[in-house]
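Peer 1: Structure file my_file-v5.txt (compact mmCIF, C-alpha atoms) is given on the next line.
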```
# COMPACT_ATOMS: atom_id res chain seq x y z
CA MET A 868 145.44 -121.65 70.88
CA LYS A 869 146.20 -121.99 74.54
CA ALA A 870 145.49 -118.87 76.60
CA THR A 871 148.29 -118.05 79.00
CA PRO A 872 148.43 -115.01 81.29
CA GLY A 873 150.02 -111.94 79.76
CA ASN A 874 150.43 -113.17 76.20
CA GLY A 875 147.06 -114.61 75.15
CA PHE A 876 146.36 -111.57 72.98
CA ALA A 877 149.90 -111.14 71.65
CA PRO A 878 148.92 -112.47 68.18
CA TRP A 879 146.43 -109.57 67.87
CA LEU A 880 149.23 -107.03 67.78
CA PRO A 881 151.69 -106.14 65.00
CA ASP A 882 155.25 -107.36 65.49
CA ASP A 883 157.04 -105.39 68.18
CA GLY A 884 160.32 -103.61 67.60
CA PRO A 885 161.53 -101.16 64.94
CA ALA A 886 159.19 -102.57 62.27
CA ALA A 887 156.18 -101.51 64.34
CA ALA A 888 157.38 -97.91 64.73
CA THR A 889 155.66 -95.17 62.75
CA GLY A 890 158.27 -92.48 63.31
CA LEU A 891 155.79 -90.33 65.22
CA ALA A 892 157.34 -90.22 68.68
CA TRP A 893 154.27 -89.50 70.82
CA PHE A 894 152.17 -92.06 68.94
CA ASP A 895 154.78 -94.82 69.17
CA SER A 896 155.28 -94.07 72.87
CA ARG A 897 151.55 -94.37 73.51
CA ARG A 898 151.34 -97.68 71.68
CA ALA A 899 154.34 -99.06 73.55
CA LYS A 900 152.73 -98.12 76.86
CA ALA A 901 149.51 -99.84 75.79
CA ARG A 902 151.48 -103.00 74.94
CA ALA A 903 152.89 -102.99 78.46
CA GLN A 904 149.38 -102.56 79.89
CA VAL A 905 148.16 -105.57 77.91
CA ARG A 906 151.04 -107.67 79.26
CA ASP A 907 150.48 -106.49 82.82
CA GLN A 908 146.72 -107.06 82.83
CA GLY A 909 146.85 -110.57 81.46
CA ILE A 910 143.62 -112.32 80.57
CA PRO A 911 140.48 -111.67 82.66
CA THR A 912 138.64 -114.74 83.90
CA THR A 913 135.16 -115.17 85.29
CA LYS A 914 136.67 -114.42 88.71
CA HIS A 915 137.04 -110.80 87.56
CA GLU A 916 133.84 -108.91 88.33
CA ALA A 917 133.66 -107.23 84.89
CA TRP A 918 133.84 -110.66 83.23
CA ARG A 919 131.86 -112.62 85.79
CA TYR A 920 129.29 -113.88 83.28
CA THR A 921 131.40 -114.02 80.11
CA SER A 922 134.36 -116.27 79.38
CA LEU A 923 137.05 -115.19 76.90
CA THR A 924 138.01 -118.77 76.04
CA ARG A 925 135.88 -118.90 72.90
CA LEU A 926 137.39 -115.63 71.67
CA LEU A 927 140.98 -116.69 72.31
CA GLU A 928 140.52 -120.05 70.59
CA GLN A 929 140.01 -118.37 67.19
CA GLY A 930 143.67 -117.33 66.74
CA PHE A 931 142.98 -113.88 65.32
CA THR A 932 145.85 -111.90 63.78
CA PRO A 933 145.97 -108.26 62.55
CA THR A 934 144.39 -107.25 59.26
CA ALA A 935 146.58 -106.49 56.25
CA GLU A 936 147.04 -103.15 54.49
CA ALA A 937 144.05 -101.20 53.20
CA THR A 938 143.35 -102.69 49.79
CA THR A 939 139.91 -103.63 48.50
CA PRO A 940 138.45 -104.48 45.08
CA LEU A 941 135.04 -103.24 46.21
CA GLN A 942 133.24 -100.56 44.23
CA PRO A 943 130.50 -98.21 45.48
CA ARG A 944 127.87 -100.37 43.78
CA ASP A 945 128.93 -103.31 45.96
CA LEU A 946 127.68 -101.39 49.00
CA GLU A 947 124.17 -100.87 47.66
CA PRO A 948 122.62 -104.04 49.22
CA LEU A 949 123.90 -102.90 52.63
CA LEU A 950 122.68 -99.31 52.55
CA VAL A 951 119.60 -97.83 54.21
CA PRO A 952 117.21 -96.90 51.38
CA GLY A 953 116.76 -93.15 51.04
CA LEU A 954 119.19 -92.23 53.84
CA ASP A 955 120.66 -88.81 53.06
CA ALA A 956 123.97 -88.72 54.93
CA TYR A 957 127.66 -88.06 54.68
CA ARG A 958 129.17 -91.52 54.37
CA VAL A 959 132.43 -92.82 55.85
CA VAL A 960 133.35 -96.42 54.99
CA LEU A 961 135.92 -98.64 56.66
CA VAL A 962 136.72 -102.04 55.18
CA ASN A 963 138.25 -104.45 57.69
CA GLY A 964 139.06 -101.51 59.92
CA ARG A 965 140.71 -99.30 57.27
CA PHE A 966 139.29 -96.02 55.96
CA ILE A 967 138.53 -96.27 52.21
CA PRO A 968 138.13 -92.79 50.62
CA GLY A 969 136.88 -94.27 47.33
CA LEU A 970 133.82 -95.78 49.03
CA SER A 971 133.13 -92.75 51.21
CA ASP A 972 131.20 -89.58 50.40
CA LEU A 973 132.32 -86.50 52.31
CA GLN A 974 131.61 -83.82 49.73
CA HIS A 975 130.19 -80.44 50.73
CA LEU A 976 130.91 -80.62 54.45
CA PRO A 977 130.01 -77.26 56.02
CA ALA A 978 132.57 -74.84 57.41
CA GLY A 979 133.96 -75.80 60.79
CA VAL A 980 133.58 -79.57 60.23
CA ARG A 981 136.49 -81.92 59.61
CA VAL A 982 136.01 -85.62 58.85
CA GLY A 983 138.75 -87.97 57.71
CA GLY A 984 140.75 -91.13 58.28
CA LEU A 985 142.82 -91.28 61.44
CA ALA A 986 145.94 -92.60 59.67
CA GLN A 987 145.56 -89.92 57.01
CA ILE A 988 145.35 -87.13 59.60
CA LEU A 989 148.34 -88.50 61.53
CA LYS A 990 150.41 -88.21 58.35
CA SER A 991 149.21 -84.79 57.20
CA ASP A 992 148.98 -83.14 60.63
CA PRO A 993 151.01 -85.27 63.06
CA ASP A 994 150.22 -83.32 66.24
CA ALA A 995 146.50 -82.74 65.59
CA LEU A 996 145.49 -85.77 67.65
CA LYS A 997 148.21 -85.69 70.30
CA ASP A 998 145.80 -84.47 73.00
CA ARG A 999 142.80 -86.34 71.58
CA LEU A 1000 143.98 -89.94 71.35
CA ASN A 1001 143.23 -91.53 74.76
CA GLY A 1002 141.96 -88.14 75.89
CA VAL A 1003 138.67 -89.66 77.03
CA VAL A 1004 139.75 -93.27 77.60
CA GLY A 1005 142.44 -92.07 79.99
CA GLU A 1006 145.80 -93.48 81.00
CA SER A 1007 144.49 -96.55 82.86
CA GLN A 1008 142.99 -98.36 79.89
CA PRO A 1009 140.86 -101.49 80.21
CA LEU A 1010 142.22 -104.53 78.39
CA PHE A 1011 140.46 -104.17 75.05
CA ALA A 1012 141.01 -100.41 74.90
CA ALA A 1013 144.72 -101.05 75.53
CA LEU A 1014 144.72 -103.70 72.80
CA ASN A 1015 143.11 -101.20 70.44
CA THR A 1016 145.68 -98.51 71.26
CA ALA A 1017 148.56 -100.94 70.84
CA GLY A 1018 147.27 -102.38 67.57
CA LEU A 1019 145.38 -99.53 65.92
CA ASP A 1020 146.44 -98.27 62.55
CA ASP A 1021 143.33 -96.45 61.31
CA GLY A 1022 139.91 -95.16 62.20
CA VAL A 1023 137.80 -92.03 61.71
CA VAL A 1024 138.15 -88.54 63.13
CA VAL A 1025 135.19 -86.13 63.34
CA LEU A 1026 135.91 -82.59 64.60
CA LEU A 1027 133.22 -79.90 64.86
CA GLU A 1028 134.36 -76.43 65.78
CA ARG A 1029 132.48 -74.13 68.15
CA GLY A 1030 128.87 -73.61 66.99
CA ALA A 1031 129.18 -75.84 63.90
CA GLN A 1032 126.02 -77.71 62.92
CA LEU A 1033 125.49 -80.66 60.61
CA GLU A 1034 122.10 -80.77 58.93
CA ARG A 1035 122.76 -84.27 57.56
CA PRO A 1036 123.94 -87.20 59.71
CA ILE A 1037 127.35 -88.81 59.36
CA GLU A 1038 126.99 -92.50 58.54
CA LEU A 1039 129.99 -94.55 59.65
CA ILE A 1040 129.93 -98.00 58.04
CA HIS A 1041 132.21 -100.70 59.45
CA LEU A 1042 132.27 -103.25 56.62
CA SER A 1043 133.95 -106.61 57.12
CA VAL A 1044 134.69 -108.96 54.22
CA GLY A 1045 136.14 -112.45 54.10
CA MET A 1046 139.89 -112.78 54.59
CA ASP A 1047 142.45 -115.53 54.11
CA GLU A 1048 142.49 -116.38 57.82
CA PRO A 1049 140.82 -115.19 61.03
CA ARG A 1050 141.69 -111.51 61.40
CA VAL A 1051 141.06 -108.79 63.96
CA ALA A 1052 140.44 -105.16 62.97
CA GLN A 1053 141.02 -102.52 65.66
CA PRO A 1054 139.78 -99.10 64.48
CA ARG A 1055 139.93 -96.07 66.76
CA HIS A 1056 137.41 -93.26 66.27
CA ILE A 1057 137.66 -89.79 67.76
CA VAL A 1058 134.60 -87.52 67.72
CA VAL A 1059 134.84 -84.02 69.18
CA LEU A 1060 132.02 -81.47 69.32
CA GLU A 1061 133.18 -78.12 70.62
CA ALA A 1062 130.89 -75.70 72.47
CA GLY A 1063 127.44 -75.35 70.90
CA ALA A 1064 128.09 -77.82 68.06
CA GLN A 1065 125.34 -80.20 66.94
CA ALA A 1066 125.51 -83.42 64.94
CA SER A 1067 124.01 -86.84 64.33
CA LEU A 1068 126.15 -89.97 63.96
CA ILE A 1069 124.93 -93.33 62.66
CA GLU A 1070 127.33 -96.24 63.20
CA ARG A 1071 126.60 -99.46 61.36
CA TYR A 1072 128.54 -102.73 61.65
CA VAL A 1073 127.84 -104.94 58.62
CA SER A 1074 129.51 -107.73 56.66
CA LEU A 1075 129.59 -109.32 53.23
CA GLY A 1076 129.23 -113.07 53.69
CA GLU A 1077 129.52 -115.13 56.86
CA ALA A 1078 133.27 -114.92 57.44
CA LEU A 1079 134.99 -115.49 60.78
CA TYR A 1080 136.62 -112.26 61.98
CA CYS A 1081 136.81 -109.97 64.99
CA THR A 1082 136.15 -106.25 65.36
CA ASN A 1083 137.64 -104.50 68.39
CA SER A 1084 136.64 -100.85 68.03
CA VAL A 1085 137.04 -97.90 70.40
CA LEU A 1086 135.13 -94.64 70.07
CA GLU A 1087 136.15 -91.58 72.08
CA LEU A 1088 133.43 -88.93 72.26
CA SER A 1089 133.98 -85.47 73.71
CA LEU A 1090 131.12 -82.97 73.93
CA GLY A 1091 131.85 -79.37 74.83
CA ARG A 1092 129.56 -76.92 76.61
CA ASP A 1093 125.97 -77.08 75.26
CA ALA A 1094 126.95 -79.47 72.44
CA VAL A 1095 124.29 -81.90 71.19
CA LEU A 1096 124.88 -85.33 69.64
CA LYS A 1097 122.46 -88.07 68.61
CA HIS A 1098 124.32 -91.34 68.17
CA GLN A 1099 122.82 -94.54 66.73
CA ARG A 1100 124.68 -97.86 66.69
CA ILE A 1101 123.37 -100.83 64.67
CA GLN A 1102 125.36 -104.08 64.92
CA THR A 1103 124.41 -106.73 62.32
CA GLU A 1104 127.74 -108.48 61.83
CA SER A 1105 128.33 -111.96 60.40
CA ALA A 1106 126.82 -114.86 62.34
CA ASN A 1107 130.40 -116.12 62.81
CA ALA A 1108 131.90 -112.80 63.87
CA PHE A 1109 133.21 -111.62 67.23
CA HIS A 1110 132.34 -108.04 68.12
CA ILE A 1111 133.96 -105.89 70.81
CA ALA A 1112 133.13 -102.20 71.15
CA GLY A 1113 134.18 -99.64 73.72
CA LEU A 1114 132.48 -96.25 73.84
CA TYR A 1115 134.02 -93.59 76.09
CA LEU A 1116 132.05 -90.37 76.53
CA SER A 1117 132.89 -87.07 78.21
CA LEU A 1118 130.00 -84.61 78.64
CA GLY A 1119 130.67 -80.90 79.08
CA ALA A 1120 128.40 -78.49 80.95
CA GLY A 1121 124.90 -78.32 79.48
CA SER A 1122 125.65 -80.86 76.74
CA ARG A 1123 123.15 -83.47 75.63
CA TYR A 1124 123.86 -86.96 74.33
CA GLN A 1125 121.38 -89.55 73.11
CA CYS A 1126 122.48 -93.04 72.10
CA VAL A 1127 120.35 -95.81 70.63
CA THR A 1128 122.27 -99.09 70.32
CA VAL A 1129 120.90 -102.24 68.70
CA GLY A 1130 122.74 -105.57 68.81
CA LEU A 1131 121.51 -108.25 66.40
CA GLY A 1132 124.52 -109.92 64.80
CA ALA A 1133 127.78 -111.70 65.68
CA ALA A 1134 128.24 -115.00 67.47
CA TRP A 1135 129.90 -113.28 70.45
CA ALA A 1136 129.46 -109.58 71.19
CA ARG A 1137 130.62 -107.37 74.05
CA THR A 1138 129.78 -103.65 74.26
CA ASP A 1139 131.09 -101.31 76.97
CA LEU A 1140 129.50 -97.87 77.39
CA ASN A 1141 131.43 -95.54 79.70
CA VAL A 1142 130.01 -92.11 80.59
CA ARG A 1143 131.74 -89.31 82.52
CA PHE A 1144 130.18 -85.94 83.33
CA ALA A 1145 132.70 -83.12 82.95
CA GLY A 1146 130.27 -80.25 83.57
CA GLU A 1147 127.01 -79.53 85.36
CA HIS A 1148 123.52 -79.72 83.80
CA ALA A 1149 124.61 -82.32 81.23
CA GLU A 1150 122.16 -84.99 80.04
CA CYS A 1151 122.79 -88.56 78.84
CA ASP A 1152 120.14 -90.89 77.40
CA LEU A 1153 121.14 -94.49 76.59
CA GLN A 1154 118.57 -96.75 74.89
CA GLY A 1155 119.37 -100.31 73.87
CA LEU A 1156 117.88 -103.41 72.25
CA TYR A 1157 119.54 -106.80 71.83
CA LEU A 1158 118.41 -110.04 70.22
CA ALA A 1159 120.20 -113.34 70.83
CA GLY A 1160 119.46 -116.72 69.27
CA ASP A 1161 121.23 -120.07 69.26
CA ARG A 1162 124.91 -119.91 70.21
CA GLN A 1163 124.80 -116.12 70.35
CA LEU A 1164 126.11 -114.07 73.25
CA MET A 1165 125.15 -110.40 73.72
CA ASP A 1166 127.01 -108.71 76.57
CA PHE A 1167 126.36 -105.07 77.51
CA HIS A 1168 128.25 -103.26 80.27
CA LEU A 1169 127.38 -99.71 81.32
CA ASP A 1170 129.43 -97.50 83.63
CA VAL A 1171 127.84 -94.09 84.23
CA ASP A 1172 129.88 -91.90 86.56
CA HIS A 1173 128.17 -88.89 88.16
CA ARG A 1174 130.83 -86.82 89.94
CA LEU A 1175 129.33 -83.37 89.39
CA PRO A 1176 125.96 -81.99 90.58
CA GLN A 1177 122.77 -81.43 88.60
CA CYS A 1178 123.31 -83.94 85.78
CA SER A 1179 120.86 -86.55 84.53
CA SER A 1180 121.16 -89.98 82.94
CA ARG A 1181 118.68 -92.52 81.60
CA GLU A 1182 119.52 -96.12 80.72
CA ASN A 1183 116.76 -98.23 79.20
CA PHE A 1184 117.73 -101.62 77.68
CA LYS A 1185 115.54 -104.45 76.44
CA GLY A 1186 116.48 -107.96 75.35
CA ILE A 1187 114.75 -110.74 73.42
CA LEU A 1188 116.27 -114.22 73.63
CA TYR A 1189 115.33 -117.50 71.98
CA GLY A 1190 116.82 -120.95 71.41
CA LYS A 1191 119.96 -121.14 73.52
CA GLY A 1192 120.77 -117.45 73.20
CA ARG A 1193 122.56 -115.76 76.11
CA ALA A 1194 122.68 -112.15 77.21
CA VAL A 1195 124.43 -110.19 79.92
CA PHE A 1196 123.40 -106.76 81.16
CA ASP A 1197 125.72 -105.28 83.77
CA GLY A 1198 124.90 -101.63 84.43
CA ARG A 1199 126.39 -99.40 87.09
CA VAL A 1200 125.47 -95.83 88.01
CA TYR A 1201 127.86 -94.18 90.45
CA VAL A 1202 126.90 -90.95 92.25
CA ALA A 1203 129.73 -89.22 94.10
CA LYS A 1204 129.36 -87.33 97.37
CA ASP A 1205 129.40 -83.94 95.66
CA ALA A 1206 127.02 -84.93 92.85
CA GLN A 1207 123.93 -83.48 94.53
CA ARG A 1208 120.64 -83.22 92.60
CA THR A 1209 121.61 -86.07 90.32
CA ASP A 1210 118.69 -87.56 88.40
CA ALA A 1211 119.39 -91.13 87.20
CA ALA A 1212 117.22 -94.08 86.21
CA MET A 1213 118.28 -97.50 84.89
CA SER A 1214 115.99 -100.22 83.55
CA ASN A 1215 116.62 -103.61 81.95
CA ARG A 1216 113.74 -105.79 80.74
CA ASN A 1217 114.08 -109.16 79.03
CA LEU A 1218 111.76 -111.47 77.14
CA LEU A 1219 112.67 -115.18 77.03
CA LEU A 1220 111.08 -117.17 74.21
CA SER A 1221 112.52 -120.59 75.07
CA GLU A 1222 113.54 -122.66 78.07
CA GLY A 1223 117.16 -122.77 76.86
CA ALA A 1224 117.57 -118.99 76.69
CA GLU A 1225 119.45 -117.28 79.52
CA VAL A 1226 120.07 -113.74 80.72
CA ASP A 1227 122.26 -112.49 83.55
CA THR A 1228 121.14 -109.02 84.54
CA LYS A 1229 122.71 -106.83 87.22
CA PRO A 1230 121.68 -103.14 87.34
CA GLN A 1231 123.50 -101.33 90.14
CA LEU A 1232 123.26 -97.98 91.93
CA GLU A 1233 126.08 -96.69 94.13
CA ILE A 1234 124.96 -93.45 95.79
CA ASN A 1235 127.08 -91.32 98.08
CA ALA A 1236 125.01 -88.10 97.90
CA ASP A 1237 121.79 -87.43 99.83
CA ASP A 1238 119.89 -85.08 97.49
CA VAL A 1239 119.30 -87.29 94.47
CA LYS A 1240 116.54 -88.90 92.43
CA CYS A 1241 117.71 -92.35 91.38
CA SER A 1242 116.08 -95.67 90.51
CA HIS A 1243 116.91 -98.99 88.91
CA GLY A 1244 115.07 -102.18 88.07
CA THR A 1245 115.08 -105.35 86.00
CA THR A 1246 112.54 -107.90 84.78
CA VAL A 1247 112.74 -111.28 83.05
CA GLY A 1248 109.57 -112.78 81.63
CA GLN A 1249 107.86 -114.70 78.86
CA ILE A 1250 105.10 -114.01 76.36
CA GLU A 1251 101.71 -114.30 78.01
CA PRO A 1252 99.95 -117.42 76.63
CA GLU A 1253 96.64 -115.52 76.57
CA GLN A 1254 98.09 -112.86 74.26
CA LEU A 1255 99.46 -115.50 71.90
CA PHE A 1256 96.18 -117.42 71.96
CA TYR A 1257 94.22 -114.27 71.15
CA LEU A 1258 96.29 -113.56 68.03
CA ARG A 1259 96.22 -117.23 66.95
CA SER A 1260 92.43 -117.25 67.30
CA ARG A 1261 92.33 -114.35 64.81
CA GLY A 1262 94.00 -116.52 62.16
CA LEU A 1263 97.64 -115.56 62.63
CA SER A 1264 100.32 -118.22 62.50
CA ALA A 1265 102.36 -118.82 65.67
CA PRO A 1266 105.56 -117.27 64.18
CA LEU A 1267 103.72 -114.17 62.98
CA ALA A 1268 101.87 -113.75 66.27
CA ARG A 1269 105.12 -114.00 68.20
CA ARG A 1270 106.74 -111.50 65.83
CA MET A 1271 103.97 -108.98 66.50
CA LEU A 1272 104.16 -109.37 70.27
CA CYS A 1273 107.95 -109.08 70.33
CA LEU A 1274 107.97 -106.01 68.10
CA GLY A 1275 105.46 -104.46 70.49
CA PHE A 1276 107.87 -105.14 73.33
CA ALA A 1277 110.82 -103.72 71.36
CA GLY A 1278 108.87 -100.79 69.93
CA GLU A 1279 109.84 -98.38 72.71
CA ILE A 1280 113.50 -98.66 71.64
CA LEU A 1281 112.93 -98.96 67.88
CA ASP A 1282 110.82 -95.78 67.91
CA CYS A 1283 113.91 -93.85 69.03
CA LEU A 1284 115.65 -94.59 65.71
CA THR A 1285 115.62 -91.89 63.03
CA PRO A 1286 115.00 -91.34 60.21
CA ASP A 1287 112.01 -93.54 59.42
CA ALA A 1288 113.98 -95.51 56.81
CA LEU A 1289 116.53 -96.63 59.41
CA ARG A 1290 113.84 -97.53 61.94
CA ASP A 1291 111.88 -99.53 59.34
CA GLN A 1292 114.98 -101.43 58.22
CA VAL A 1293 115.98 -102.41 61.75
CA ALA A 1294 112.41 -103.33 62.71
CA GLU A 1295 112.23 -105.62 59.67
CA GLN A 1296 115.54 -107.26 60.59
CA VAL A 1297 114.29 -107.88 64.13
CA GLY A 1298 110.92 -109.15 62.96
CA SER A 1299 112.39 -111.50 60.34
CA ARG A 1300 114.75 -113.05 62.86
CA LEU A 1301 111.93 -113.63 65.32
CA GLU A 1302 109.56 -115.08 62.73
CA LEU A 1303 112.19 -117.64 61.67
CA ALA A 1304 113.24 -118.53 65.22
CA PRO A 1305 112.26 -122.07 66.35
CA ILE A 1306 109.36 -122.37 68.74
CA ASP A 1307 109.66 -124.51 71.86
```
Please go through the file and, once you have read it, give me the structure as structure tokens.

Peer 2:
Amino acid sequence: MKATPGNGFAPWLPDDGPAAATGLAWFDSRRAKARAQVRDQGIPTTKHEAWRYTSLTRLLEQGFTPTAEATTPLQPRDLEPLLVPGLDAYRVVLVNGRFIPGLSDLQHLPAGVRVGGLAQILKSDPDALKDRLNGVVGESQPLFAALNTAGLDDGVVVLLERGAQLERPIELIHLSVGMDEPRVAQPRHIVVLEAGAQASLIERYVSLGEALYCTNSVLELSLGRDAVLKHQRIQTESANAFHIAGLYLSLGAGSRYQCVTVGLGAAWARTDLNVRFAGEHAECDLQGLYLAGDRQLMDFHLDVDHRLPQCSSRENFKGILYGKGRAVFDGRVYVAKDAQRTDAAMSNRNLLLSEGAEVDTKPQLEINADDVKCSHGTTVGQIEPEQLFYLRSRGLSAPLARRMLCLGFAGEILDCLTPDALRDQVAEQVGSRLELAPID
């Protein structure tokens, strides 16, 4: 399809007009406004700073259209090959962007915890999400967040009341299966932890088969005073998939947020992590690992906004690239004039295993306060020949030796994954990919 300004993403959205209306006035109004934002923004090009290193041409050429209604012949047993062995968690399953209660397991949730499908909650309690939807994203939505708002029809809502605690993690599985034509799913997730609440969330993006599809998900996270959330994101989508994810986080006073994100799958993947501090003494820890092989693109953008004093943030991302894999790391930490005693550190390190691999890395600090502790840095390097020779001289094959060295490089991030079963599964996926990768 030919991309023209203002309407290149029109096929992603349901038909406009009365047929698109839900009957819920505030919701329909919000979607209509998002449609207008999509039209007004047009299509970013590489002349736009946020898309300087990534072209949208390949994405637009696929001709994606919205997914159909939520119907699936899948049974719980069909999920077994995709599960983490021994993981004890509440399970929420979306198939092609739609919440499927029959595949989910939300029994015995403790008091003060509500988990359910977004569409389901909009029907049963129409005003419950009126102040939550776009509450963290804000009115001025970036393009793909606006597309999600305009085209969303389902997602997951997690609400923890004041002081509520979850002993078991919530596992959110985004499952994509083959469809009759290229489709785009646009789920919206809303996670709210009120004051003192604690939880763990595991997001996993997986697929059955190697279908061509696109996921454009948005997650709005709101942490109240002294709330604690550990969030783990594992993306292993189809090798033909396109993956777009926007995470928008608001941190209340004294809250703590830890995120470990791992990008392994998809042909083209873009992840935006947006952090805003809404109270003092809040802490944010972002850890990331990405692996890109032939024809893969992994694009990570971070925007961490310190506007209040005495908050801390850590951003530590590592990449491994081989073949003709490409990666982009664009991280920005902004410290406002009044954000005194900010403590922020950003690091991006990359390992290139072939001459054809490429990474564009741009960590940035913008500091307007004078009493701060901030740092940033980036490295791009290769495996030391002496290290590889040492392992080869001990009888290891070249692929196995490279696997061991790369897992050592990635270990700092992988060790942040919990429980052990999840860490072991992801480490095996990383190691297997590296062992099979061609050697220059």

Peer 1: Considering all atoms listed in the file, state which residue in the set A:Lys1097, A:His1243, A:Arg1216, A:Arg1174 is at the smallest distance from A:Ile1187.

Peer 2: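 Under the stated criterion, the closest residue is A:Arg1216.
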
Peer 1: To one decimal place in Å, what is the distance between atom CA of A:Glu1150 and atom CA of A:Val1004?

Peer 2: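 Interatomic distance here is 19.6 Å.
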
Peer 1: Enter the distance from atom CA of A:Ile1040 to atom CA of A:Phe876, in Å, rounded to one decimal.

Peer 2: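 Calculated distance between atom CA of A:Ile1040 and atom CA of A:Phe876 is 26.0 Å.
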
Peer 1: Restricting the calculation to all atoms listed in the file, which member of A:Ala1206, A:Ala1062, A:Val1127, A:Leu1116 is positioned closest to A:Glu1147?

Peer 2: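 Of the candidates, the smallest distance to A:Glu1147 is held by A:Ala1206.
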
Peer 1: Go ahead and compute the interatomic distance for atom CA of A:Tyr1072 and atom CA of A:Gly979, in Å to one decimal.

Peer 2: 27.5 Å

Peer 1: Write out as JSON, numbers by chain each polymer residue whose atoms come within 12 Å of A:Ala1052, counting all atoms listed in the file; drop sequence neighbours fewer than 4 positions from it.

Peer 2: {"A": [879, 880, 881, 931, 932, 933, 934, 935, 936, 937, 961, 962, 963, 964, 965, 966, 1014, 1015, 1016, 1018, 1019, 1020, 1021, 1022, 1041, 1042, 1043, 1044, 1046, 1079, 1080, 1081, 1082, 1083, 1084, 1085, 1108, 1109, 1110, 1111, 1112]}

Peer 1: From the set A:Asn1183, A:Thr1228, A:Gln1102, A:Ser1117, which residue has the shortest atom-to-atom contact distance to A:Ala1136, counting all atoms listed in the file?

Peer 2: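 Using all atoms listed in the file, A:Ala1136 sits closest to A:Gln1102.
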